Amino acid sequence: MRTEVIAVCGTTADKEKIEAAGAIIRTGGLVAFPTETVYGLGADALNPEAAGKIYEAKGRPADNPLIIHISRIEDLPEIAENVPETAYLLAKVFWPGPFTMIFKKTRLVPVETTGGLETVAVRMPANETALMLIKAAGGFVAAPSANSSGRPSPTVASHVIADMDGRINMILDGGETEIGLESTIIDMTSETPTILRPGRITAEMLAAVLDQAVSDQPSRQDIHGAPQAPGMKYRHYAPLGKLTVIEGTEENVVSYINRQLHADRAAGKKTGVIGTDRTVGLYGADSVKNIGSREDELFIARQLYRILREFDDEKIEIIYSEAFTGTGVGHAIMNRLSKAAGYRVTEV
Ligand code: TXA
Ligand code: MG
């Protein structure tokens, strides 16, 4: 299959291109598109065969459900049942945005889209191209992140091309995504709304709107029995090299990592480090990446997946990363980073 790459700018000037992309989805094809979080791989959510193609293109396990993307709150009852008032309250504040809610599904939604579950995840993205595409495609677009299963999510179109060229019909290239980490997922079917995947919208932000406690995930997700989105149990976001996250005071972290690097390089390994503004000059690795300043976590969030992919391109075998705090979006950064590391987090 030839994959067409089309540049878009998210304005009405794109109307014709996006109509064409929508037609591909309506007739059962696959189109990757930008959202404010990461690039999505879209198919008609109500067409079981089309949803099946997503799993094939990504090499994704069949029991890992997809998020359905909508463009209007009015469309929610078509696919979700027993939607509590609190969900509309949250939707009013956080939609369109990096925020996904889980409900009981209606009969309209095929189990091929929900990985066999009776629940459905729904999100309205805050990206004009995405919203126009969803409308053009008929209103319900199933879209996982547009990476091959297990690789870091794509934050620019070239990441999508690297993973999906020849496997999907079209890629809409809308430049770099703003947030760089996937949406916050909250389960609205449980008594206490429960975060299954942390993101830009934090538990504190949700609790402030609901005036009710919200149950959150540990940032390292290594606690057995904690509720998780099915997809969180798979190896994910992971670079090819062996990644370890090092937590502690700046001084301890830098000296520990340098000691490890010394041994790894002596063993002939190609090494990489993820450091910050203040520390990048201090590491003796083959490839040292500056992920940004600790004062700007939103910037760090945007860099993470790109950096993990760069290590792959450079064939780095051993990677160390500094840890990030568990507050604000730092919580989501640490969640993805520790997962990418297979939960190898060392305190020094
Ligand atoms: O920001 C995002 O959410 C991006 C963009 C493209 O919208 N999408 C995304 O989709 O991250 P994906 O498929 O890569 O991750 C969706 C996660 C998976 O971990 C999946 O298991 C979980 O959502 N999920 C989907 N439906 C679910 C359900 N009914 N119950 C529990 N978890 C669900
Ligand atoms: Mg994903």
# chains A, B, ... in the order shown; residues from 1 in each chain; ligands from 1

$ select_by_dssp --residues "stretch 32-253 of chain A" --states "strand (DSSP E or B)" --output "ChimeraX atom specification"
/A:32-33,40-44,67-69,80-81,99-105,119-123,141-142,145,170-173,184-187,194-197,215,242-247

$ residues_near_ligand --ligand "ligand 1" --cutoff "6 Å" --atoms "only C-alpha atoms and all ligand atoms" --output "ChimeraX atom specification"
/A:37-40,64-67,98,102,114,119-121,143-145,182-183,229-232

$ atom_distance --atom1 "atom CA of A:Met164" --atom2 "atom CA of A:Leu30"
10.4 Å

$ residues_around --residues "A:Gly59" --least-positions-apart "4" --cutoff "8 Å" --atoms "only C-alpha atoms" --output "MDAnalysis selection string"
chainID A and resid 55 148:149

$ write_last_selection --atoms "all heavy atoms" --output "mmCIF file, in the first residue's frame"
data_model
loop_
_atom_site.group_PDB
_atom_site.id
_atom_site.type_symbol
_atom_site.label_atom_id
_atom_site.label_comp_id
_atom_site.auth_asym_id
_atom_site.auth_seq_id
_atom_site.Cartn_x
_atom_site.Cartn_y
_atom_site.Cartn_z
ATOM 1 N N TYR A 55 -5.398 -2.791 14.452
ATOM 2 C CA TYR A 55 -4.611 -3.772 15.217
ATOM 3 C C TYR A 55 -3.526 -4.390 14.341
ATOM 4 O O TYR A 55 -2.401 -4.612 14.780
ATOM 5 C CB TYR A 55 -5.548 -4.857 15.783
ATOM 6 C CG TYR A 55 -6.428 -4.344 16.892
ATOM 7 C CD1 TYR A 55 -7.684 -3.795 16.637
ATOM 8 C CD2 TYR A 55 -6.002 -4.383 18.216
ATOM 9 C CE1 TYR A 55 -8.492 -3.306 17.653
ATOM 10 C CE2 TYR A 55 -6.798 -3.894 19.249
ATOM 11 C CZ TYR A 55 -8.037 -3.361 18.955
ATOM 12 O OH TYR A 55 -8.818 -2.871 19.968
ATOM 13 N N SER A 148 3.997 1.849 16.005
ATOM 14 C CA SER A 148 3.925 0.383 16.092
ATOM 15 C C SER A 148 3.826 0.038 17.565
ATOM 16 O O SER A 148 4.424 0.702 18.404
ATOM 17 C CB SER A 148 5.196 -0.279 15.572
ATOM 18 O OG SER A 148 5.525 0.180 14.310
ATOM 19 N N SER A 149 3.077 -1.023 17.860
ATOM 20 C CA SER A 149 2.872 -1.440 19.239
ATOM 21 C C SER A 149 4.216 -1.570 19.965
ATOM 22 O O SER A 149 5.139 -2.204 19.453
ATOM 23 C CB SER A 149 2.135 -2.777 19.240
ATOM 24 O OG SER A 149 1.651 -3.050 20.515
#

$ closest_atom_pairs --of "stretch 159-182 of chain A" --to "stretch 305-323 of chain A" --cutoff "9 Å" --atoms "only C-alpha atoms" --output "tab-separated table"
residue	atom	partner	partner_atom	distance
A:His159	CA	A:Arg309	CA	8.2
A:Gly180	CA	A:Tyr305	CA	7.3
A:Leu181	CA	A:Tyr305	CA	8.0

$ residues_around --residues "A:Ile79" --least-positions-apart "2" --cutoff "7 Å" --atoms "only C-alpha atoms" --output "PyMOL selection string"
chain A and resi 76-77+81+105-106+108-109

$ residues_around --residues "A:Glu347" --least-positions-apart "6" --cutoff "8 Å" --atoms "only C-alpha atoms" --output "PyMOL selection string"
chain A and resi 246-248

$ residues_around --residues "stretch 20-25 of chain A" --least-positions-apart "4" --cutoff "7 Å" --atoms "only C-alpha atoms" --output "PyMOL selection string"
chain A and resi 16+29-31+43-44+133+136-137

$ closest_residue --among "A:Gly241, A:Met124, A:Lys58, A:Pro84" --to "ligand 2" --atoms "only C-alpha atoms and all ligand atoms"
A:Lys58

$ select_by_dssp --residues "stretch 229-318 of chain A" --states "alpha helix (DSSP H)" --output "VMD selection string"
chain A and resid 250 to 266 297 to 313

$ residues_around --residues "A:Arg336" --least-positions-apart "6" --cutoff "12 Å" --atoms "only C-alpha atoms" --output "ChimeraX atom specification"
/A:151-153,180-183,197-199,217-221,232,235-239,245,301,304-305,308,323-324,326,329-330,342-343

$ closest_residue --among "A:Arg60, A:Arg167, A:Lys15, A:Arg26" --to "ligand 2" --atoms "only C-alpha atoms and all ligand atoms"
A:Arg60

$ closest_residue --among "A:Gly150, A:Leu206, A:Lys92, A:Glu36" --to "ligand 2" --atoms "only C-alpha atoms and all ligand atoms"
A:Gly150

$ closest_residue --among "A:Ala266, A:Ile73, A:Leu172, A:Ile201" --to "A:Thr129" --atoms "only C-alpha atoms"
A:Leu172
